[in-house]
2 protein chains.
Amino acid sequence: MLGLMQHWPLVISRIIDYAACQHASREVVTRSVEGSIVRSDYAAIRARALKVAQRLVRAGIAPGDRVATLAWNSARHLEAWYGIAGAGAIYHTVNPRLFPEQIAWIVTHAADRLLLADVTFVPLLESLADKLATVERYVILTDRAHVPDTRLRDAIAYEDWIDEVDGDFAWVGVDERAAAGLCYTSGTTGDPKGVLYSHRSNVLHSMAMCAPDALGLASRSVILPVVPLFHANSWSIAFSAPMTGAKLVLPGAQLDGASIYELLESEQVTCTAGVPTVWAMLLQYLQKEQQPLTSLRRLVVGGAAAPRSMIEAFEARGIEVFHAWGMTEMSPVGSIGSIKPSVAHLRGEALIDLKCKQGFAPFTVEMKITDDAGRRLPWDGKTFGRLKVAGAAVASAYFRADAGILDDEGYFDTGDVATIDAHGYMQITDRAKDVIKSGGEWISSVALENLAVGHPDVAEAAVIGVPHPKWGERPLLVVVAKEGREIEPRSLIEHLRPKVASWWLPDAVEVVAALPHTATGKLDKVKLRALARLAARDLDGDGARIAEAWHVDRMRAGAAGNDDLNVFGPGRDRQ
Amino acid sequence: MLGLMQHWPLVISRIIDYAACQHASREVVTRSVEGSIVRSDYAAIRARALKVAQRLVRAGIAPGDRVATLAWNSARHLEAWYGIAGAGAIYHTVNPRLFPEQIAWIVTHAADRLLLADVTFVPLLESLADKLATVERYVILTDRAHVPDTRLRDAIAYEDWIDEVDGDFAWVGVDERAAAGLCYTSGTTGDPKGVLYSHRSNVLHSMAMCAPDALGLASRSVILPVVPLFHANSWSIAFSAPMTGAKLVLPGAQLDGASIYELLESEQVTCTAGVPTVWAMLLQYLQKEQQPLTSLRRLVVGGAAAPRSMIEAFEARGIEVFHAWGMTEMSPVGSIGSIKPSVAHLRGEALIDLKCKQGFAPFTVEMKITDDAGRRLPWDGKTFGRLKVAGAAVASAYFRADAGILDDEGYFDTGDVATIDAHGYMQITDRAKDVIKSGGEWISSVALENLAVGHPDVAEAAVIGVPHPKWGERPLLVVVAKEGREIEPRSLIEHLRPKVASWWLPDAVEVVAALPHTATGKLDKVKLRALARLAARDLDGDGARIAEAWHVDRMRAGAAGNDDLNVFGPGRDRQ
């Protein structure tokens, strides 16, 4: 027997309809790419989104078609999201920080028919245009006065483009399960993978994010997403802000400490969200300029683990840090670090310990940790296993890919390794591909790296597994010394000894001038492992000999001009 | 093109699964009907709900079957909700405050197969048992020691009943649109009407209620629903509390000021919700005993309009009053009075004026006000019209009733008349059937009544429309004097004159000893109008003559022993 309640599909247009009805004059403030501060509101965002939708339909865009955006956070970008989804089409946010070849690959894989781009990306697009065969037209997110002279196909200023219609339009009706958004995730290996959000998953994820233990958004909130709209579905903020009537402050292209600080203060922001890199820049600015934050109450940090010192620095300023974790495949938020009553008594170091964990799952997200055989592991804060997730806004498959990505229980394997404690707080301990499997037990490379950088001479550290005939794998520690310091490997091992189980101690320490990084600034362990494999040929797991052989190999490769293998610069010492 | 996100149906069992996983030891505290304070937690609630579901399936309860509860707020009642819905069946909450005949009618109409009842309701059920033909068995919500000797069919103690199974059970899978709950709404006329909630509507409504501008529930919240679970789906709290991990304090049968105060303090409640009557009792207690409220931050008042003095009294104690409005047909919350930034500057009287309105619609609720022809009226805070609603948790039809209840745009007519101001705040001005239509314009009976009770001599007031040959209807004011006071009708009219448009002024004032009320304590305007119709025969709309004739008729009827017409007692004066 079915209930007798109204049919009210969870489609994105309802969010902006609600905002324009109940919070019509609530501001959407943009630091525009052109430089000025531009003020709009939810009524105007909706009115202009309707014009976008109408214009798309006139251009022949049909439900399910993909329309790309390559843009910073701005009111126009936000309008475009609602307009594209409101035409029944799919907003495809392209990350401008990817390698140009990746951008071309993604746009072609998505078969984007239109591409809406900020002025700043016109040169990039011109360099790629020959490869973007599916793109019929480029819409530049500015007015006529600011459109550069360009050879991009049929390019037009956004303002001119939407002025070709009158806005007398109704959203194109779609099923709530219809695709609404597309975002690619790129790892260090393989092709990027497209995550295809539905209207329903976006609405449900955003409703969950409004709750006090998540973003805690109310109509009186002012939220500044430093996280770009193109970064994993904007962490829901493009939806959760209008859903609650929170004022939205969009920082455009300027994410440096001074620019973000200026907006936080001038707009009296109460909540902000972004990756550790931007918060490090903000902290540097605050410390250098001796400036206070007068309105900020809640700072959400995600995308990478937040350093302990960062959490401490903001908490010391009376700003509550919410350490979050998620993935593009999770829409993206999987957990967020609000304080449960069972840990509300914690103070000082113990509280910061808790805040270094990535929080707990909100309603609509389910988690488990398992061993390699898929057996569930206990939530004791010590045992770590593969982190797998299920929920209302978790991917079930990738766009245009046949491979199944869910386990027998319908969970998605995040590729992360984590502990979950008895209170439900999850802590990422490693990427699954980086964890070291020694004698059937797992050693966390990240835990060893964090301990190693606690040594006064160490600037950066990486731990990888190297093959071992008896144990399977053993940890190798590769470190960079701080400027003007020398690292004595034996002292580094002694530094680690009291902090970890004896079988966790690295078999070898390699001191190098620099470590290899990916385009997005993460340690490139694929390159490190390639070097280690090269070095480990014909050896029997003797760490010192592996390191020595590797060092020699590396030196040889460097001499031969092999840049890939010469990423470290000359090593200065080894155990 | 469909999105590629996981299929994750919005079913109620996911709420208690989540609570038992992430907030397992968070308490559910009950003042039991037996008298003691009983402490449970979400893990135990889930475990016992699984036993309820398992026991129901063993009893042959199939998906879609109705299982009734007649009970106060308690952990057992909560377990029963989740157990019934988790068996795929429908929890039917019966309001024990209804007339016994209505209870019999409702249980029979619903065809309830089982009835779970508190010990306190055994005598009531025994008096009705012959009429409850569909009920196969009675489960008494207590343990064996507390079950009274009863002739109720196959009666058994709840604890014995669930102990017949082991709890090794999985929830019965149902479509998210499946019916989960049934609640009847009864007016002053006609048969009660059943509202059939779906799993989906309950989950969505509760997610919306968690937001900071609604209940604002977090894991650290402690919520005490004085509102009974049987009152309009518990205002979502049976779902929104476990969904967030908020501690739940259930007051059982004792809703007097002293008992509620004791729980608010002993359990350090942060948020509570109930009807004005209970808050009046609490205020009396606080004032008499000179007691402070040390933890309460948010008080939600709904079910009837909150008196201004009540709002002022709680706000003066530093407790934020959230004036809410809803209907059984809306799951039930339609609006709630959080403070938007556009009104955040208001202080003093102006703030209280705002708080006397019933707030604004949360996401998932849509509102409009219309004239009798269905045309939308402006949101100016002055124009009032029929209030109509749509949304994710609004009824589309009544249970076992054929009549359509939605307008051409899919809106449900609430039967209320309201204004909505430019900020979106809605204020109920009348019931549609009580509004007075004079010369094509509407006069609010409630507004006149509120003004009349502002007169120092008036204890209670009622305004009804009486037929008028020229104007259609004209207002008649019926008042009760305060003890020891006399009302001078002319002075009452002069009291109203500067406050309303001249055509709003009542044509006549009738002073009576008492006004008729319904079983639930509301003014019974149906009875009043019956008297007025009787009195108005053969008259031409002369208010004074109508009142006089009415008075005479009433006296005559009273003398004839007609109780229905003698509800007022002797009038003491008239204009």
# chains A, B, ... in the order shown; residues from 1 in each chain; ligands from 1

$ select_by_dssp --residues "region 283-495 of chain A" --states "alpha helix (DSSP H)" --output "PyMOL selection string"
chain A and resi 283-289+308-316+348-356+445-452+489-495

$ residues_around --residues "Cys210 (chain B)" --least-positions-apart "3" --cutoff "8 Å" --atoms "only C-alpha atoms" --output "list in words"
Ala211 and Pro212 of chain A; Ser206, Met207, Ala214, Leu215, Gly216, Leu217, Ala218, Ser240 and Thr244 of chain B

$ write_last_selection --atoms "N, CA, C and O atoms" --output "mmCIF file, in the first residue's frame"
data_model
loop_
_atom_site.group_PDB
_atom_site.id
_atom_site.type_symbol
_atom_site.label_atom_id
_atom_site.label_comp_id
_atom_site.auth_asym_id
_atom_site.auth_seq_id
_atom_site.Cartn_x
_atom_site.Cartn_y
_atom_site.Cartn_z
ATOM 1 N N ALA A 211 22.424 20.445 8.194
ATOM 2 C CA ALA A 211 22.232 20.138 9.614
ATOM 3 C C ALA A 211 23.341 20.746 10.475
ATOM 4 O O ALA A 211 24.458 20.955 10.003
ATOM 5 N N PRO A 212 23.009 21.042 11.725
ATOM 6 C CA PRO A 212 23.984 21.699 12.614
ATOM 7 C C PRO A 212 25.300 20.942 12.766
ATOM 8 O O PRO A 212 26.343 21.567 12.944
ATOM 9 N N SER B 206 11.565 15.083 8.093
ATOM 10 C CA SER B 206 12.441 15.114 9.258
ATOM 11 C C SER B 206 13.801 15.704 8.923
ATOM 12 O O SER B 206 14.388 16.427 9.730
ATOM 13 N N MET B 207 14.315 15.411 7.728
ATOM 14 C CA MET B 207 15.579 16.030 7.325
ATOM 15 C C MET B 207 15.428 17.554 7.294
ATOM 16 O O MET B 207 16.308 18.282 7.763
ATOM 17 N N ALA B 214 14.903 25.403 11.690
ATOM 18 C CA ALA B 214 13.723 24.652 12.142
ATOM 19 C C ALA B 214 14.002 24.190 13.572
ATOM 20 O O ALA B 214 14.115 25.013 14.478
ATOM 21 N N LEU B 215 14.156 22.875 13.808
ATOM 22 C CA LEU B 215 14.446 22.419 15.172
ATOM 23 C C LEU B 215 15.927 22.607 15.533
ATOM 24 O O LEU B 215 16.274 22.665 16.711
ATOM 25 N N GLY B 216 16.793 22.672 14.514
ATOM 26 C CA GLY B 216 18.218 22.884 14.789
ATOM 27 C C GLY B 216 18.830 21.786 15.639
ATOM 28 O O GLY B 216 19.540 22.064 16.602
ATOM 29 N N LEU B 217 18.581 20.545 15.260
ATOM 30 C CA LEU B 217 19.031 19.431 16.096
ATOM 31 C C LEU B 217 20.441 18.973 15.737
ATOM 32 O O LEU B 217 20.761 18.750 14.576
ATOM 33 N N ALA B 218 21.270 18.813 16.756
ATOM 34 C CA ALA B 218 22.614 18.262 16.618
ATOM 35 C C ALA B 218 22.746 17.107 17.602
ATOM 36 O O ALA B 218 21.870 16.891 18.446
ATOM 37 N N SER B 240 13.480 12.983 13.712
ATOM 38 C CA SER B 240 14.584 13.939 13.596
ATOM 39 C C SER B 240 15.566 13.823 14.757
ATOM 40 O O SER B 240 16.753 14.111 14.583
ATOM 41 N N THR B 244 19.737 12.725 14.078
ATOM 42 C CA THR B 244 20.852 13.608 14.418
ATOM 43 C C THR B 244 21.606 13.124 15.653
ATOM 44 O O THR B 244 22.657 13.678 15.980
#

$ residues_around --residues "Glu441 (chain B)" --least-positions-apart "5" --cutoff "12 Å" --atoms "only C-alpha atoms" --output "ChimeraX atom specification"
/B:371-372,383-385,435-436,471-474,501,503-504

$ residues_around --residues "region 77-80 of chain A" --least-positions-apart "6" --cutoff "10 Å" --atoms "only C-alpha atoms" --output "number ranges by chain"
A: 16, 28, 42, 44-53, 67-71, 86, 91, 93, 116-118, 141, 158, 229-230, 238-239, 250, 252

$ interface_residues --of "chain A" --to "chain B" --cutoff "8 Å" --atoms "only C-alpha atoms" --output "MDAnalysis selection string"
chainID A and resid 1:9 15 18 21:23 63:64 177:180 195:199 201 207:208 210:213 216:220 243:244 339:341 360:363 366 390:399 423:424

$ decode --residues "region 21-34 of chain A" --atoms "N, CA and C atoms" --output "mmCIF file, in the first residue's frame"
data_model
loop_
_atom_site.group_PDB
_atom_site.id
_atom_site.type_symbol
_atom_site.label_atom_id
_atom_site.label_comp_id
_atom_site.auth_asym_id
_atom_site.auth_seq_id
_atom_site.Cartn_x
_atom_site.Cartn_y
_atom_site.Cartn_z
ATOM 1 N N CYS A 21 11.857 32.512 -3.514
ATOM 2 C CA CYS A 21 10.569 32.782 -2.866
ATOM 3 C C CYS A 21 10.780 33.260 -1.435
ATOM 4 N N GLN A 22 11.540 32.510 -0.643
ATOM 5 C CA GLN A 22 11.647 32.789 0.789
ATOM 6 C C GLN A 22 12.843 33.669 1.155
ATOM 7 N N HIS A 23 13.837 33.730 0.281
ATOM 8 C CA HIS A 23 15.052 34.487 0.610
ATOM 9 C C HIS A 23 15.469 35.328 -0.599
ATOM 10 N N ALA A 24 14.469 35.953 -1.213
ATOM 11 C CA ALA A 24 14.657 36.612 -2.511
ATOM 12 C C ALA A 24 15.803 37.613 -2.514
ATOM 13 N N SER A 25 15.902 38.433 -1.474
ATOM 14 C CA SER A 25 16.877 39.519 -1.497
ATOM 15 C C SER A 25 18.162 39.169 -0.758
ATOM 16 N N ARG A 26 18.305 37.902 -0.361
ATOM 17 C CA ARG A 26 19.545 37.488 0.310
ATOM 18 C C ARG A 26 20.671 37.523 -0.721
ATOM 19 N N GLU A 27 21.797 38.108 -0.314
ATOM 20 C CA GLU A 27 22.837 38.422 -1.293
ATOM 21 C C GLU A 27 23.688 37.242 -1.746
ATOM 22 N N VAL A 28 24.113 37.347 -2.984
ATOM 23 C CA VAL A 28 25.162 36.501 -3.543
ATOM 24 C C VAL A 28 26.238 37.474 -4.024
ATOM 25 N N VAL A 29 27.359 37.490 -3.310
ATOM 26 C CA VAL A 29 28.409 38.491 -3.556
ATOM 27 C C VAL A 29 29.578 37.807 -4.260
ATOM 28 N N THR A 30 30.043 38.405 -5.340
ATOM 29 C CA THR A 30 31.134 37.803 -6.122
ATOM 30 C C THR A 30 32.312 38.759 -6.242
ATOM 31 N N ARG A 31 33.526 38.242 -6.010
ATOM 32 C CA ARG A 31 34.703 38.974 -6.484
ATOM 33 C C ARG A 31 34.896 38.513 -7.927
ATOM 34 N N SER A 32 34.507 39.372 -8.851
ATOM 35 C CA SER A 32 34.461 38.936 -10.240
ATOM 36 C C SER A 32 35.858 38.756 -10.811
ATOM 37 N N VAL A 33 35.923 37.965 -11.858
ATOM 38 C CA VAL A 33 37.188 37.749 -12.549
ATOM 39 C C VAL A 33 37.681 39.075 -13.127
ATOM 40 N N GLU A 34 36.744 39.954 -13.460
ATOM 41 C CA GLU A 34 37.129 41.274 -13.969
ATOM 42 C C GLU A 34 37.711 42.144 -12.852
#
